Every structure is written in C-alpha cells, then in structure tokens.
>>> print(open('data_36.cif').read())   # mmCIF, C-alpha atoms
data_query
loop_
_atom_site.group_PDB
_atom_site.id
_atom_site.type_symbol
_atom_site.label_atom_id
_atom_site.label_comp_id
_atom_site.auth_asym_id
_atom_site.auth_seq_id
_atom_site.Cartn_x
_atom_site.Cartn_y
_atom_site.Cartn_z
ATOM 1 C CA MET A 1 120.726 85.225 117.994
ATOM 2 C CA LYS A 2 122.932 85.772 114.959
ATOM 3 C CA LYS A 3 124.217 89.211 114.042
ATOM 4 C CA ASP A 4 121.949 89.552 110.989
ATOM 5 C CA GLU A 5 118.967 88.437 113.101
ATOM 6 C CA ILE A 6 119.667 91.182 115.643
ATOM 7 C CA PHE A 7 119.809 93.798 112.887
ATOM 8 C CA ALA A 8 116.602 92.367 111.414
ATOM 9 C CA VAL A 9 114.814 92.892 114.734
ATOM 10 C CA ILE A 10 116.229 96.435 115.051
ATOM 11 C CA GLY A 11 115.263 97.431 111.499
ATOM 12 C CA THR A 12 111.809 95.901 111.765
ATOM 13 C CA SER A 13 111.154 97.554 115.136
ATOM 14 C CA LEU A 14 112.182 100.963 113.777
ATOM 15 C CA GLY A 15 109.926 100.473 110.761
ATOM 16 C CA MET A 16 107.009 99.487 112.978
ATOM 17 C CA ILE A 17 107.500 102.481 115.300
ATOM 18 C CA GLY A 18 107.814 104.922 112.383
ATOM 19 C CA ALA A 19 104.679 103.588 110.684
ATOM 20 C CA LEU A 20 102.766 103.663 113.980
ATOM 21 C CA LEU A 21 103.757 107.310 114.594
ATOM 22 C CA ILE A 22 102.482 108.298 111.133
ATOM 23 C CA ILE A 23 99.187 106.513 111.844
ATOM 24 C CA ILE A 24 98.810 108.273 115.217
ATOM 25 C CA ILE A 25 99.653 111.717 113.791
ATOM 26 C CA TYR A 26 97.227 111.277 110.896
ATOM 27 C CA LEU A 27 94.372 110.156 113.156
ATOM 28 C CA ARG A 28 95.156 112.643 115.935
ATOM 29 C CA ILE A 29 95.482 115.833 113.867
ATOM 30 C CA LYS A 30 92.307 116.394 111.847
ATOM 31 C CA GLU A 31 93.865 119.015 109.591
ATOM 32 C CA THR A 32 96.313 116.452 108.196
ATOM 33 C CA LYS A 33 93.592 114.572 106.331
ATOM 34 C CA ILE A 34 94.338 115.775 102.805
ATOM 35 C CA PHE A 35 94.770 113.518 99.810
ATOM 36 C CA TYR A 36 98.527 112.946 99.590
ATOM 37 C CA ARG A 37 98.832 112.420 103.342
ATOM 38 C CA LYS A 38 96.034 109.882 103.125
ATOM 39 C CA LEU A 39 98.162 107.878 100.672
ATOM 40 C CA ILE A 40 101.132 107.892 103.063
ATOM 41 C CA PHE A 41 98.802 106.939 105.919
ATOM 42 C CA ILE A 42 97.506 103.884 104.020
ATOM 43 C CA LEU A 43 101.064 102.877 103.091
ATOM 44 C CA SER A 44 102.021 103.190 106.771
ATOM 45 C CA VAL A 45 99.211 100.823 107.771
ATOM 46 C CA TYR A 46 100.619 98.241 105.350
ATOM 47 C CA ASP A 47 104.161 98.927 106.593
ATOM 48 C CA PHE A 48 103.076 98.433 110.190
ATOM 49 C CA LEU A 49 101.365 95.110 109.444
ATOM 50 C CA GLN A 50 104.364 93.970 107.423
ATOM 51 C CA SER A 51 106.708 94.818 110.309
ATOM 52 C CA VAL A 52 104.568 92.855 112.760
ATOM 53 C CA ILE A 53 104.698 89.837 110.431
ATOM 54 C CA PHE A 54 108.484 90.125 110.078
ATOM 55 C CA LEU A 55 108.805 89.946 113.873
ATOM 56 C CA LEU A 56 106.995 86.604 114.081
ATOM 57 C CA PRO A 57 109.382 83.832 115.180
ATOM 58 C CA GLY A 58 108.431 81.816 112.119
ATOM 59 C CA HIS A 59 111.669 79.891 111.804
ATOM 60 C CA LYS A 60 110.875 77.872 114.940
ATOM 61 C CA HIS A 61 107.588 76.336 113.754
ATOM 62 C CA LYS A 62 106.811 74.977 110.283
ATOM 63 C CA THR A 63 103.170 76.068 110.241
ATOM 64 C CA VAL A 64 103.926 79.578 111.484
ATOM 65 C CA CYS A 65 106.834 79.687 109.044
ATOM 66 C CA ARG A 66 104.495 78.927 106.146
ATOM 67 C CA ILE A 67 101.980 81.549 107.284
ATOM 68 C CA GLN A 68 104.757 84.099 107.709
ATOM 69 C CA PHE A 69 106.022 83.460 104.181
ATOM 70 C CA GLU A 70 102.513 83.883 102.735
ATOM 71 C CA LEU A 71 101.882 87.132 104.618
ATOM 72 C CA ILE A 72 105.310 88.583 103.853
ATOM 73 C CA SER A 73 104.760 87.875 100.151
ATOM 74 C CA GLY A 74 101.362 89.559 100.308
ATOM 75 C CA PHE A 75 102.287 92.677 102.248
ATOM 76 C CA CYS A 76 105.597 93.216 100.423
ATOM 77 C CA THR A 77 103.630 93.190 97.172
ATOM 78 C CA THR A 78 101.064 95.547 98.711
ATOM 79 C CA CYS A 79 103.722 98.066 99.806
ATOM 80 C CA GLN A 80 105.360 97.873 96.409
ATOM 81 C CA PHE A 81 102.023 98.518 94.645
ATOM 82 C CA TRP A 82 101.156 101.398 96.925
ATOM 83 C CA SER A 83 104.562 103.009 96.420
ATOM 84 C CA ALA A 84 103.996 102.756 92.666
ATOM 85 C CA LEU A 85 100.562 104.343 93.079
ATOM 86 C CA ILE A 86 102.067 107.286 94.962
ATOM 87 C CA SER A 87 104.497 107.836 92.079
ATOM 88 C CA LEU A 88 101.711 107.563 89.507
ATOM 89 C CA LEU A 89 99.438 110.029 91.302
ATOM 90 C CA SER A 90 102.335 112.433 91.879
ATOM 91 C CA TYR A 91 103.000 112.346 88.138
ATOM 92 C CA LEU A 92 99.319 112.853 87.242
ATOM 93 C CA LYS A 93 98.899 115.761 89.664
ATOM 94 C CA VAL A 94 102.141 117.530 88.738
ATOM 95 C CA VAL A 95 102.433 116.895 85.001
ATOM 96 C CA LYS A 96 98.820 116.239 83.969
ATOM 97 C CA GLN A 97 97.244 118.611 86.533
ATOM 98 C CA PHE A 98 94.765 116.067 87.921
ATOM 99 C CA THR A 99 92.461 117.206 90.726
ATOM 100 C CA ASP A 100 92.211 115.413 94.069
ATOM 101 C CA GLU A 101 88.773 114.068 93.073
ATOM 102 C CA ARG A 102 90.127 112.492 89.893
ATOM 103 C CA SER A 103 93.138 111.122 91.697
ATOM 104 C CA ASP A 104 90.900 109.631 94.381
ATOM 105 C CA LYS A 105 88.918 107.692 91.754
ATOM 106 C CA ILE A 106 92.144 106.266 90.325
ATOM 107 C CA GLN A 107 93.310 105.355 93.825
ATOM 108 C CA LYS A 108 90.121 103.361 94.500
ATOM 109 C CA LYS A 109 90.392 101.442 91.216
ATOM 110 C CA PHE A 110 94.074 100.802 91.845
ATOM 111 C CA HIS A 111 93.249 99.492 95.304
ATOM 112 C CA VAL A 112 90.980 96.814 93.834
ATOM 113 C CA PHE A 113 93.572 95.839 91.213
ATOM 114 C CA MET A 114 96.298 95.736 93.859
ATOM 115 C CA TRP A 115 94.442 93.361 96.170
ATOM 116 C CA ILE A 116 93.520 91.042 93.301
ATOM 117 C CA THR A 117 97.216 90.772 92.432
ATOM 118 C CA VAL A 118 98.278 90.329 96.064
ATOM 119 C CA ILE A 119 95.744 87.560 96.628
ATOM 120 C CA GLY A 120 96.971 85.952 93.403
ATOM 121 C CA PHE A 121 100.535 85.927 94.748
ATOM 122 C CA VAL A 122 99.472 84.442 98.062
ATOM 123 C CA VAL A 123 97.273 81.768 96.473
ATOM 124 C CA SER A 124 99.999 80.772 94.001
ATOM 125 C CA ALA A 125 102.442 80.420 96.899
ATOM 126 C CA LEU A 126 100.092 77.912 98.539
ATOM 127 C CA PHE A 127 100.805 75.415 95.772
ATOM 128 C CA LEU A 128 104.584 75.556 96.130
ATOM 129 C CA GLU A 129 106.244 72.390 97.342
ATOM 130 C CA ASN A 130 108.635 72.778 100.274
ATOM 131 C CA PRO A 131 108.399 76.567 99.951
ATOM 132 C CA THR A 132 109.993 77.885 103.106
ATOM 133 C CA ASP A 133 113.574 78.585 104.032
ATOM 134 C CA SER A 134 114.233 79.297 107.711
ATOM 135 C CA THR A 135 117.948 79.980 107.437
ATOM 136 C CA THR A 136 117.330 83.694 108.037
ATOM 137 C CA TYR A 137 115.393 85.381 110.835
ATOM 138 C CA TRP A 138 112.149 85.297 108.831
ATOM 139 C CA CYS A 139 110.806 82.584 106.551
ATOM 140 C CA TRP A 140 111.102 82.887 102.796
ATOM 141 C CA THR A 141 110.861 80.587 99.794
ATOM 142 C CA LYS A 142 113.368 78.226 98.192
ATOM 143 C CA ASN A 143 111.401 78.137 94.940
ATOM 144 C CA LYS A 144 113.556 79.824 92.281
ATOM 145 C CA ALA A 145 110.677 80.544 89.918
ATOM 146 C CA PHE A 146 108.668 82.311 92.637
ATOM 147 C CA VAL A 147 111.665 84.387 93.726
ATOM 148 C CA ALA A 148 112.423 85.370 90.117
ATOM 149 C CA VAL A 149 108.822 86.423 89.429
ATOM 150 C CA PHE A 150 108.506 88.208 92.788
ATOM 151 C CA TYR A 151 111.616 90.367 92.371
ATOM 152 C CA SER A 152 111.007 90.956 88.652
ATOM 153 C CA PHE A 153 107.585 92.272 89.602
ATOM 154 C CA ILE A 154 109.058 94.535 92.258
ATOM 155 C CA TRP A 155 111.731 96.025 90.038
ATOM 156 C CA PHE A 156 109.353 96.535 87.113
ATOM 157 C CA TYR A 157 107.186 98.757 89.302
ATOM 158 C CA LEU A 158 110.184 100.476 90.846
ATOM 159 C CA LEU A 159 111.550 101.359 87.405
ATOM 160 C CA VAL A 160 108.146 102.804 86.541
ATOM 161 C CA CYS A 161 108.391 104.863 89.751
ATOM 162 C CA LEU A 162 111.785 106.201 88.653
ATOM 163 C CA ILE A 163 110.393 107.238 85.260
ATOM 164 C CA PHE A 164 107.560 109.152 86.942
ATOM 165 C CA TYR A 165 110.110 110.731 89.274
ATOM 166 C CA ILE A 166 112.126 112.051 86.298
ATOM 167 C CA PHE A 167 109.007 113.630 84.747
ATOM 168 C CA ILE A 168 108.145 115.295 88.055
ATOM 169 C CA LEU A 169 111.673 116.738 88.307
ATOM 170 C CA ILE A 170 111.432 118.115 84.758
ATOM 171 C CA ARG A 171 108.075 119.727 85.509
ATOM 172 C CA LEU A 172 109.341 121.246 88.748
ATOM 173 C CA ARG A 173 112.324 122.713 86.929
ATOM 174 C CA GLN A 174 110.054 124.281 84.286
ATOM 175 C CA ILE A 175 107.878 125.942 86.912
ATOM 176 C CA ILE A 176 110.914 127.337 88.760
ATOM 177 C CA LYS A 177 112.256 128.780 85.488
ATOM 178 C CA ASN A 178 108.925 130.489 84.816
ATOM 179 C CA ILE A 179 108.922 131.999 88.290
ATOM 180 C CA LEU A 180 112.478 133.313 87.922
ATOM 181 C CA ARG A 181 111.630 134.781 84.531
ATOM 182 C CA LYS A 182 108.485 136.536 85.686
ATOM 183 C CA TYR A 183 107.266 136.457 89.253
ATOM 184 C CA GLN A 184 103.646 135.316 89.424
ATOM 185 C CA THR A 185 101.674 134.491 92.547
ATOM 186 C CA THR A 186 99.801 131.705 90.777
ATOM 187 C CA LYS A 187 103.097 130.171 89.673
ATOM 188 C CA VAL A 188 104.438 130.318 93.218
ATOM 189 C CA LYS A 189 101.352 128.490 94.491
ATOM 190 C CA GLN A 190 101.739 125.975 91.702
ATOM 191 C CA MET A 191 105.381 125.431 92.620
ATOM 192 C CA ASN A 192 104.427 124.880 96.270
ATOM 193 C CA GLN A 193 101.929 122.227 95.210
ATOM 194 C CA VAL A 194 104.456 120.591 92.885
ATOM 195 C CA TRP A 195 107.018 120.610 95.692
ATOM 196 C CA ILE A 196 104.545 118.739 97.911
ATOM 197 C CA GLU A 197 104.023 116.126 95.213
ATOM 198 C CA PHE A 198 107.780 115.986 94.648
ATOM 199 C CA ARG A 199 108.313 115.136 98.311
ATOM 200 C CA MET A 200 105.721 112.397 97.988
ATOM 201 C CA SER A 201 107.838 110.788 95.291
ATOM 202 C CA PHE A 202 110.591 110.280 97.897
ATOM 203 C CA ILE A 203 108.472 107.436 99.310
ATOM 204 C CA PRO A 204 108.997 105.097 96.314
ATOM 205 C CA LEU A 205 112.697 106.009 96.288
ATOM 206 C CA ILE A 206 112.933 104.877 99.910
ATOM 207 C CA TYR A 207 111.345 101.573 98.928
ATOM 208 C CA ILE A 208 113.959 101.147 96.187
ATOM 209 C CA LEU A 209 116.795 101.720 98.665
ATOM 210 C CA VAL A 210 115.491 99.297 101.299
ATOM 211 C CA ILE A 211 114.881 96.491 98.786
ATOM 212 C CA ILE A 212 118.334 96.612 97.127
ATOM 213 C CA PRO A 213 120.226 94.384 99.655
ATOM 214 C CA ALA A 214 117.508 91.705 99.559
ATOM 215 C CA THR A 215 117.512 91.776 95.755
ATOM 216 C CA ILE A 216 121.293 91.347 95.580
ATOM 217 C CA ARG A 217 121.197 88.407 97.961
ATOM 218 C CA ARG A 218 118.334 86.653 96.170
ATOM 219 C CA ILE A 219 119.893 87.107 92.719
ATOM 220 C CA ARG A 220 123.195 85.644 93.964
ATOM 221 C CA ASN A 221 121.342 82.656 95.408
ATOM 222 C CA LEU A 222 119.410 82.166 92.179
ATOM 223 C CA ILE A 223 122.567 82.146 90.075
ATOM 224 C CA ASN A 224 124.474 79.851 92.397
ATOM 225 C CA PRO A 225 122.729 78.501 95.523
ATOM 226 C CA SER A 226 126.025 77.256 96.943
ATOM 227 C CA THR A 227 127.547 80.744 96.890
ATOM 228 C CA PRO A 228 128.380 81.793 100.473
ATOM 229 C CA ASP A 229 126.475 84.802 101.749
ATOM 230 C CA ILE A 230 128.206 88.148 102.195
ATOM 231 C CA GLU A 231 127.820 89.219 105.820
ATOM 232 C CA VAL A 232 127.436 92.926 105.014
ATOM 233 C CA ILE A 233 124.624 92.186 102.552
ATOM 234 C CA ASN A 234 122.905 89.970 105.130
ATOM 235 C CA ILE A 235 123.113 92.691 107.777
ATOM 236 C CA LEU A 236 121.838 95.386 105.399
ATOM 237 C CA GLN A 237 118.999 93.148 104.291
ATOM 238 C CA GLY A 238 117.985 92.539 107.893
ATOM 239 C CA LEU A 239 118.295 96.197 108.835
ATOM 240 C CA LEU A 240 116.541 97.690 105.790
ATOM 241 C CA SER A 241 114.058 95.142 104.432
ATOM 242 C CA SER A 242 111.189 96.126 106.725
ATOM 243 C CA SER A 243 112.368 99.552 107.924
ATOM 244 C CA GLN A 244 110.484 101.634 105.362
ATOM 245 C CA GLY A 245 108.053 102.948 107.972
ATOM 246 C CA PHE A 246 110.962 104.572 109.831
ATOM 247 C CA TRP A 247 112.151 106.489 106.742
ATOM 248 C CA ASP A 248 108.602 107.357 105.675
ATOM 249 C CA PHE A 249 108.056 108.963 109.076
ATOM 250 C CA TRP A 250 110.908 111.419 108.520
ATOM 251 C CA ILE A 251 109.590 112.296 105.065
ATOM 252 C CA PHE A 252 106.103 112.726 106.513
ATOM 253 C CA VAL A 253 107.266 115.027 109.321
ATOM 254 C CA VAL A 254 110.585 116.658 108.385
ATOM 255 C CA PHE A 255 109.679 117.572 104.796
ATOM 256 C CA ASP A 256 106.148 118.747 105.607
ATOM 257 C CA GLN A 257 106.144 122.187 107.197
ATOM 258 C CA GLU A 258 102.427 122.125 107.987
ATOM 259 C CA ILE A 259 102.683 118.819 109.849
ATOM 260 C CA ARG A 260 105.602 120.182 111.894
ATOM 261 C CA LYS A 261 103.583 123.271 112.741
ATOM 262 C CA LYS A 262 100.592 121.201 113.833
ATOM 263 C CA LEU A 263 102.808 119.002 115.992
ATOM 264 C CA ARG A 264 104.421 122.043 117.645
ATOM 265 C CA ASN A 265 100.981 123.495 118.383
ATOM 266 C CA SER A 266 99.821 120.169 119.798
ATOM 267 C CA PHE A 267 102.883 119.924 122.051
ATOM 268 C CA SER A 268 102.421 123.553 123.168
ATOM 269 C CA LYS A 269 98.771 122.894 123.971
ATOM 270 C CA PHE A 270 99.726 119.740 125.860
ATOM 271 C CA SER A 271 102.360 121.655 127.870
ATOM 272 C CA GLN A 272 99.868 124.416 128.651
ATOM 273 C CA GLU A 273 97.283 121.895 129.845
ATOM 274 C CA ASN A 274 99.894 120.290 132.098
ATOM 275 C CA SER A 275 100.822 123.718 133.448
ATOM 276 C CA ASN A 276 97.167 124.498 134.209
ATOM 277 C CA LEU A 277 96.829 121.113 135.876
ATOM 278 C CA ASP A 278 99.844 121.877 138.073
ATOM 279 C CA LYS A 279 98.256 125.192 139.091
ATOM 280 C CA VAL A 280 94.997 123.478 140.014
ATOM 281 C CA MET A 281 96.861 120.843 142.012
ATOM 282 C CA PHE A 282 98.862 123.557 143.805
ATOM 283 C CA LYS A 283 95.674 125.456 144.604
ATOM 284 C CA ASN A 284 93.998 122.338 145.980
ATOM 285 C CA SER A 285 97.095 121.560 148.033
ATOM 286 C CA PHE A 286 97.137 125.123 149.364
ATOM 287 C CA GLN A 287 93.491 124.910 150.381
ATOM 288 C CA GLU A 288 94.101 121.610 152.151
ATOM 289 C CA LYS A 289 96.931 123.182 154.152
ATOM 290 C CA ALA A 290 94.717 126.151 154.933
ATOM 291 C CA ALA A 291 92.011 123.875 156.266
ATOM 292 C CA PHE A 292 94.606 122.132 158.411
ATOM 293 C CA PHE A 293 96.265 125.230 159.847
ATOM 294 C CA GLY A 294 93.155 127.371 160.104
ATOM 295 C CA LYS A 295 91.222 129.965 158.170
ATOM 296 C CA ASP A 296 93.743 132.692 158.996
ATOM 297 C CA LEU A 297 95.957 131.619 156.076
ATOM 298 C CA ILE A 298 93.202 132.280 153.525
ATOM 299 C CA ASP A 299 92.413 135.625 155.199
ATOM 300 C CA GLN A 300 96.065 136.633 154.844
ATOM 301 C CA GLN A 301 96.008 135.732 151.139
ATOM 302 C CA GLU A 302 92.806 137.708 150.438
ATOM 303 C CA SER A 303 94.004 140.781 152.378
ATOM 304 C CA GLY A 304 97.350 140.821 150.551
ATOM 305 C CA ARG A 305 99.406 140.432 153.720
ATOM 306 C CA PRO A 306 102.611 138.334 153.580
ATOM 307 C CA LEU A 307 101.864 134.645 153.913
ATOM 308 C CA MET A 308 103.343 132.683 156.766
ATOM 309 C CA ASP A 309 105.979 130.190 155.759
ATOM 310 C CA PHE A 310 104.861 126.893 157.175
ATOM 311 C CA THR A 311 107.846 124.660 157.409
ATOM 312 C CA ASN A 312 108.267 121.211 158.790
ATOM 313 C CA LYS A 313 109.415 122.763 162.078
ATOM 314 C CA ASP A 314 106.140 124.727 162.345
ATOM 315 C CA ILE A 315 104.172 121.556 161.746
ATOM 316 C CA GLU A 316 106.163 119.642 164.358
ATOM 317 C CA SER A 317 105.764 122.433 166.915
ATOM 318 C CA ASN A 318 102.012 122.378 166.421
#
>>> encode(input="data_36.cif", output="structure tokens")
Amino acid sequence: MKKDEIFAVIGTSLGMIGALLIIIIYLRIKETKIFYRKLIFILSVYDFLQSVIFLLPGHKHKTVCRIQFELISGFCTTCQFWSALISLLSYLKVVKQFTDERSDKIQKKFHVFMWITVIGFVVSALFLENPTDSTTYWCWTKNKAFVAVFYSFIWFYLLVCLIFYIFILIRLRQIIKNILRKYQTTKVKQMNQVWIEFRMSFIPLIYILVIIPATIRRIRNLINPSTPDIEVINILQGLLSSSQGFWDFWIFVVFDQEIRKKLRNSFSKFSQENSNLDKVMFKNSFQEKAAFFGKDLIDQQESGRPLMDFTNKDIESN
C-alpha cells in the first residue's frame, strides 16, 4: 500500500465511524429527533454510504472500478447538495424566521430536486469513454469535461453556502447587540435558537475544508496532466476527502449541549443498570454458597450476626 492509500483508508474509516455514531445517537435517543438534527442525521447516512463506497477495492477490478466511480460521483453530489440545504435552511430560519413546518416542506422539495440531479450525474457518467483512473486508492474519471463540471458544481454550491453563512453571522451579531442594549428574555431565547442554527452552518464549512485538497489536485491535472503530483496534497486528499462524518460527529456532539446531556444520562443509566446486575449476580452467588454450606449462613445474615468468612481453606477442610 502506498502512503496516500493508507491515509485514504484512515480518513475514510474515521468518516464512516463518525457518521455511524451520529446515526446510532439519533436513533437511540428519542429526544434528539428535532428538525435540524434530522438534517444532520440524513447527511450522516449519505456520508456513511459514501465512506463504504470509498473503501471498495475498485482499482483491482475494472467493473468494480466503474461502479465505484459512478457511486462516488452520486454520493459526493448528494453530500454537497445536502450541505447546501443545511446552509439554506439555517439562513431561512435565522434571517427569514421560517418555522420548522415551512422548512420541512422546502427540505422535501429539495430532496426530490437533489436526487434528480444526482441521477443525472450518474447517468451522464455512464456514457463516458474510458472513464476510470485507478492510479489512486479509489477510482475516478480521466474525462476533463466531467471533472470540470463536477468541481464547478461543487464550488458553486459551496460559495452559496458561504454567502448564507455571512448573513447568519450578521443576524447573530444584531441579536447580541439588542440583548446587550436591553435585556429581554424573548431575545435571549431567539439568540439561543440562532446559535443552534449557526452551529448547523459549520457542517457546510467542514465540507469546504475536506474538498479543498481534491480540488487543488484535480485543477492541476486539468491544466497540465503531466504535472507531477505533490505528495502532501495527495495525502491530504486521501485523509480528508471522505472524512466529513468524523468532523460532523464532533459538531453534532461537542457543540450541542442537549445531546451531551442526553448522552451523559444514557451512560449513567447504563452504569446503574450494570451496578444493579452486579448486585443481583452477587446475591445469587451468595445464595448458592449458602445452599452449599448450609442454611446457617442465611440465618446469620437475617439475625444480624457476623457472617463467617468462608475461605478456600474452609472449603478444603470440609
């Protein structure tokens, strides 16, 4: 395995684990099922599937390589669309004061539009001649036109995400100024809600960061295919390209106080259940010993008299 291939496996595995943890937390803790967490949950499902596809050993078989390229194209586009949707809905909820019901309707319409576009990308890739390039750990395309359109599409949506992010920051600043000027409970609640939406907008920023190395490498190859690759860029591309699930997990948990609280309560409950189980097991073990050594041991316990200490020597002597 080459160095960049090793980093690709590490980054992809981290992304898959992070996305899987978000999925488990969302499904396990019922109270987490509110609108913005639902968006991150859906993105995590796409991230998880994308990570699984990245781990396919496509470069060893032409057919698998072709399938891997098609699926990577589809799920990369899906993650990019969903990141853009999170930015859009954050903007609408913070700046335009949209309700969850209104946002949910937009999300459903966007979902349909997204899948139509993704299927269009995948179908168009089917008609490419000699499309795959197995020089890296995963299979990708040699077709310059497809690469140019693919990355132009990505960065168009990412720039839109950045614009929404700026508007959200401006709105958050205005609310904080109003609170400092005159303390109002309603404004504090509004700021808390805006802060939640602001944290959501970190998700598209993460996508921007993880896609930068791949973009640099592809642009260099488009300009001059004979240009030698830069090892650092190759390593960063392998490490980051499919690691979004890992970074999303930390945003989902670290920046969400309620999720952390629910997790702590779940762990405490789990520890308490284990403790109760240990007590039951100890009691059963005690009763088994009592049955072996005689009823006198139980009588001593009920009467409050000191219990005999049965050691291995006592057992051997008996």
>>> atom_distance(input="data_36.cif", atom1="CA of Phe252 (chain A)", atom2="CA of Ile170 (chain A)")
23.0 Å
>>> closest_residue(input="data_36.cif", among="A:Val52, A:Ile40, A:Ile119, A:Val160", to="Tyr91 (chain A)", atoms="all atoms listed in the file")
A:Val160
>>> atom_distance(input="data_36.cif", atom1="CA of Ser13 (chain A)", atom2="CA of Pro213 (chain A)")
18.2 Å
>>> closest_residue(input="data_36.cif", among="A:Phe7, A:Phe164, A:Tyr157, A:Trp82", to="Leu43 (chain A)", atoms="all atoms listed in the file")
A:Trp82
>>> resolve_selection(input="data_36.cif", expression="the PyMOL selection byres ((chain A and resi 53) around 12)", output="PyMOL selection string")
chain A and resi 9+12-13+15-16+46-52+54-58+64-76+137-139+242
>>> resolve_selection(input="data_36.cif", expression="the PyMOL selection byres ((chain A and resi 163) around 12)", output="VMD selection string")
chain A and resid 84 87 to 88 90 to 91 156 to 162 164 to 170 201 204 to 205
>>> atom_distance(input="data_36.cif", atom1="CA of Ile230 (chain A)", atom2="CA of Thr215 (chain A)")
13.0 Å
>>> resolve_selection(input="data_36.cif", expression="the PyMOL selection byres ((chain A and resi 23-30) around 10)", output="tab-separated table (two decimals) with C-alpha atoms, keeping the file's coordinate frame")
chain	number	residue	atom	x	y	z
A	17	ILE	CA	107.50	102.48	115.30
A	18	GLY	CA	107.81	104.92	112.38
A	19	ALA	CA	104.68	103.59	110.68
A	20	LEU	CA	102.77	103.66	113.98
A	21	LEU	CA	103.76	107.31	114.59
A	22	ILE	CA	102.48	108.30	111.13
A	31	GLU	CA	93.86	119.02	109.59
A	32	THR	CA	96.31	116.45	108.20
A	33	LYS	CA	93.59	114.57	106.33
A	34	ILE	CA	94.34	115.78	102.80
A	37	ARG	CA	98.83	112.42	103.34
A	38	LYS	CA	96.03	109.88	103.12
A	40	ILE	CA	101.13	107.89	103.06
A	41	PHE	CA	98.80	106.94	105.92
A	42	ILE	CA	97.51	103.88	104.02
A	43	LEU	CA	101.06	102.88	103.09
A	44	SER	CA	102.02	103.19	106.77
A	45	VAL	CA	99.21	100.82	107.77
A	48	PHE	CA	103.08	98.43	110.19
A	249	PHE	CA	108.06	108.96	109.08
A	252	PHE	CA	106.10	112.73	106.51
A	253	VAL	CA	107.27	115.03	109.32
A	259	ILE	CA	102.68	118.82	109.85
A	262	LYS	CA	100.59	121.20	113.83
A	263	LEU	CA	102.81	119.00	115.99
A	266	SER	CA	99.82	120.17	119.80
>>> closest_residue(input="data_36.cif", among="A:Arg218, A:Gly120, A:Ile211, A:Gln107", to="Ser243 (chain A)", atoms="only C-alpha atoms")
A:Ile211
>>> closest_residue(input="data_36.cif", among="A:Gln174, A:Ser152, A:Asn224, A:Thr117", to="Thr78 (chain A)", atoms="all atoms listed in the file")
A:Thr117
>>> closest_residue(input="data_36.cif", among="A:Ile212, A:Asn234, A:Gly245, A:Glu258", to="Tyr151 (chain A)", atoms="all atoms listed in the file")
A:Ile212
>>> closest_residue(input="data_36.cif", among="A:Val210, A:Val147, A:Ile116, A:Ile235", to="Leu222 (chain A)", atoms="only C-alpha atoms")
A:Val147
>>> build_atoms(input="data_36.cif", residues="region 250-261 of chain A", atoms="N, CA and C atoms", output="PDB file, in the coordinates of the input")
ATOM      1  N   TRP A 250     110.114 110.196 108.648  1.00  0.00           N
ATOM      2  CA  TRP A 250     110.908 111.419 108.520  1.00  0.00           C
ATOM      3  C   TRP A 250     110.482 112.233 107.308  1.00  0.00           C
ATOM      4  N   ILE A 251     110.108 111.571 106.225  1.00  0.00           N
ATOM      5  CA  ILE A 251     109.590 112.296 105.065  1.00  0.00           C
ATOM      6  C   ILE A 251     108.262 112.958 105.425  1.00  0.00           C
ATOM      7  N   PHE A 252     107.430 112.234 106.140  1.00  0.00           N
ATOM      8  CA  PHE A 252     106.103 112.726 106.513  1.00  0.00           C
ATOM      9  C   PHE A 252     106.190 113.942 107.428  1.00  0.00           C
ATOM     10  N   VAL A 253     107.164 113.960 108.320  1.00  0.00           N
ATOM     11  CA  VAL A 253     107.266 115.027 109.321  1.00  0.00           C
ATOM     12  C   VAL A 253     108.279 116.100 108.919  1.00  0.00           C
ATOM     13  N   VAL A 254     109.504 115.693 108.615  1.00  0.00           N
ATOM     14  CA  VAL A 254     110.585 116.658 108.385  1.00  0.00           C
ATOM     15  C   VAL A 254     110.340 117.488 107.134  1.00  0.00           C
ATOM     16  N   PHE A 255     109.852 116.867 106.059  1.00  0.00           N
ATOM     17  CA  PHE A 255     109.679 117.572 104.796  1.00  0.00           C
ATOM     18  C   PHE A 255     108.313 118.228 104.651  1.00  0.00           C
ATOM     19  N   ASP A 256     107.489 118.154 105.671  1.00  0.00           N
ATOM     20  CA  ASP A 256     106.148 118.747 105.607  1.00  0.00           C
ATOM     21  C   ASP A 256     106.034 119.819 106.682  1.00  0.00           C
ATOM     22  N   GLN A 257     106.124 121.069 106.259  1.00  0.00           N
ATOM     23  CA  GLN A 257     106.144 122.187 107.197  1.00  0.00           C
ATOM     24  C   GLN A 257     104.834 122.285 107.982  1.00  0.00           C
ATOM     25  N   GLU A 258     103.722 122.014 107.320  1.00  0.00           N
ATOM     26  CA  GLU A 258     102.427 122.125 107.987  1.00  0.00           C
ATOM     27  C   GLU A 258     102.277 121.083 109.098  1.00  0.00           C
ATOM     28  N   ILE A 259     102.744 119.868 108.826  1.00  0.00           N
ATOM     29  CA  ILE A 259     102.683 118.819 109.849  1.00  0.00           C
ATOM     30  C   ILE A 259     103.527 119.219 111.053  1.00  0.00           C
ATOM     31  N   ARG A 260     104.734 119.754 110.784  1.00  0.00           N
ATOM     32  CA  ARG A 260     105.602 120.182 111.894  1.00  0.00           C
ATOM     33  C   ARG A 260     104.926 121.265 112.726  1.00  0.00           C
ATOM     34  N   LYS A 261     104.268 122.186 112.045  1.00  0.00           N
ATOM     35  CA  LYS A 261     103.583 123.271 112.741  1.00  0.00           C
ATOM     36  C   LYS A 261     102.452 122.730 113.616  1.00  0.00           C
TER      37      LYS A 261
END
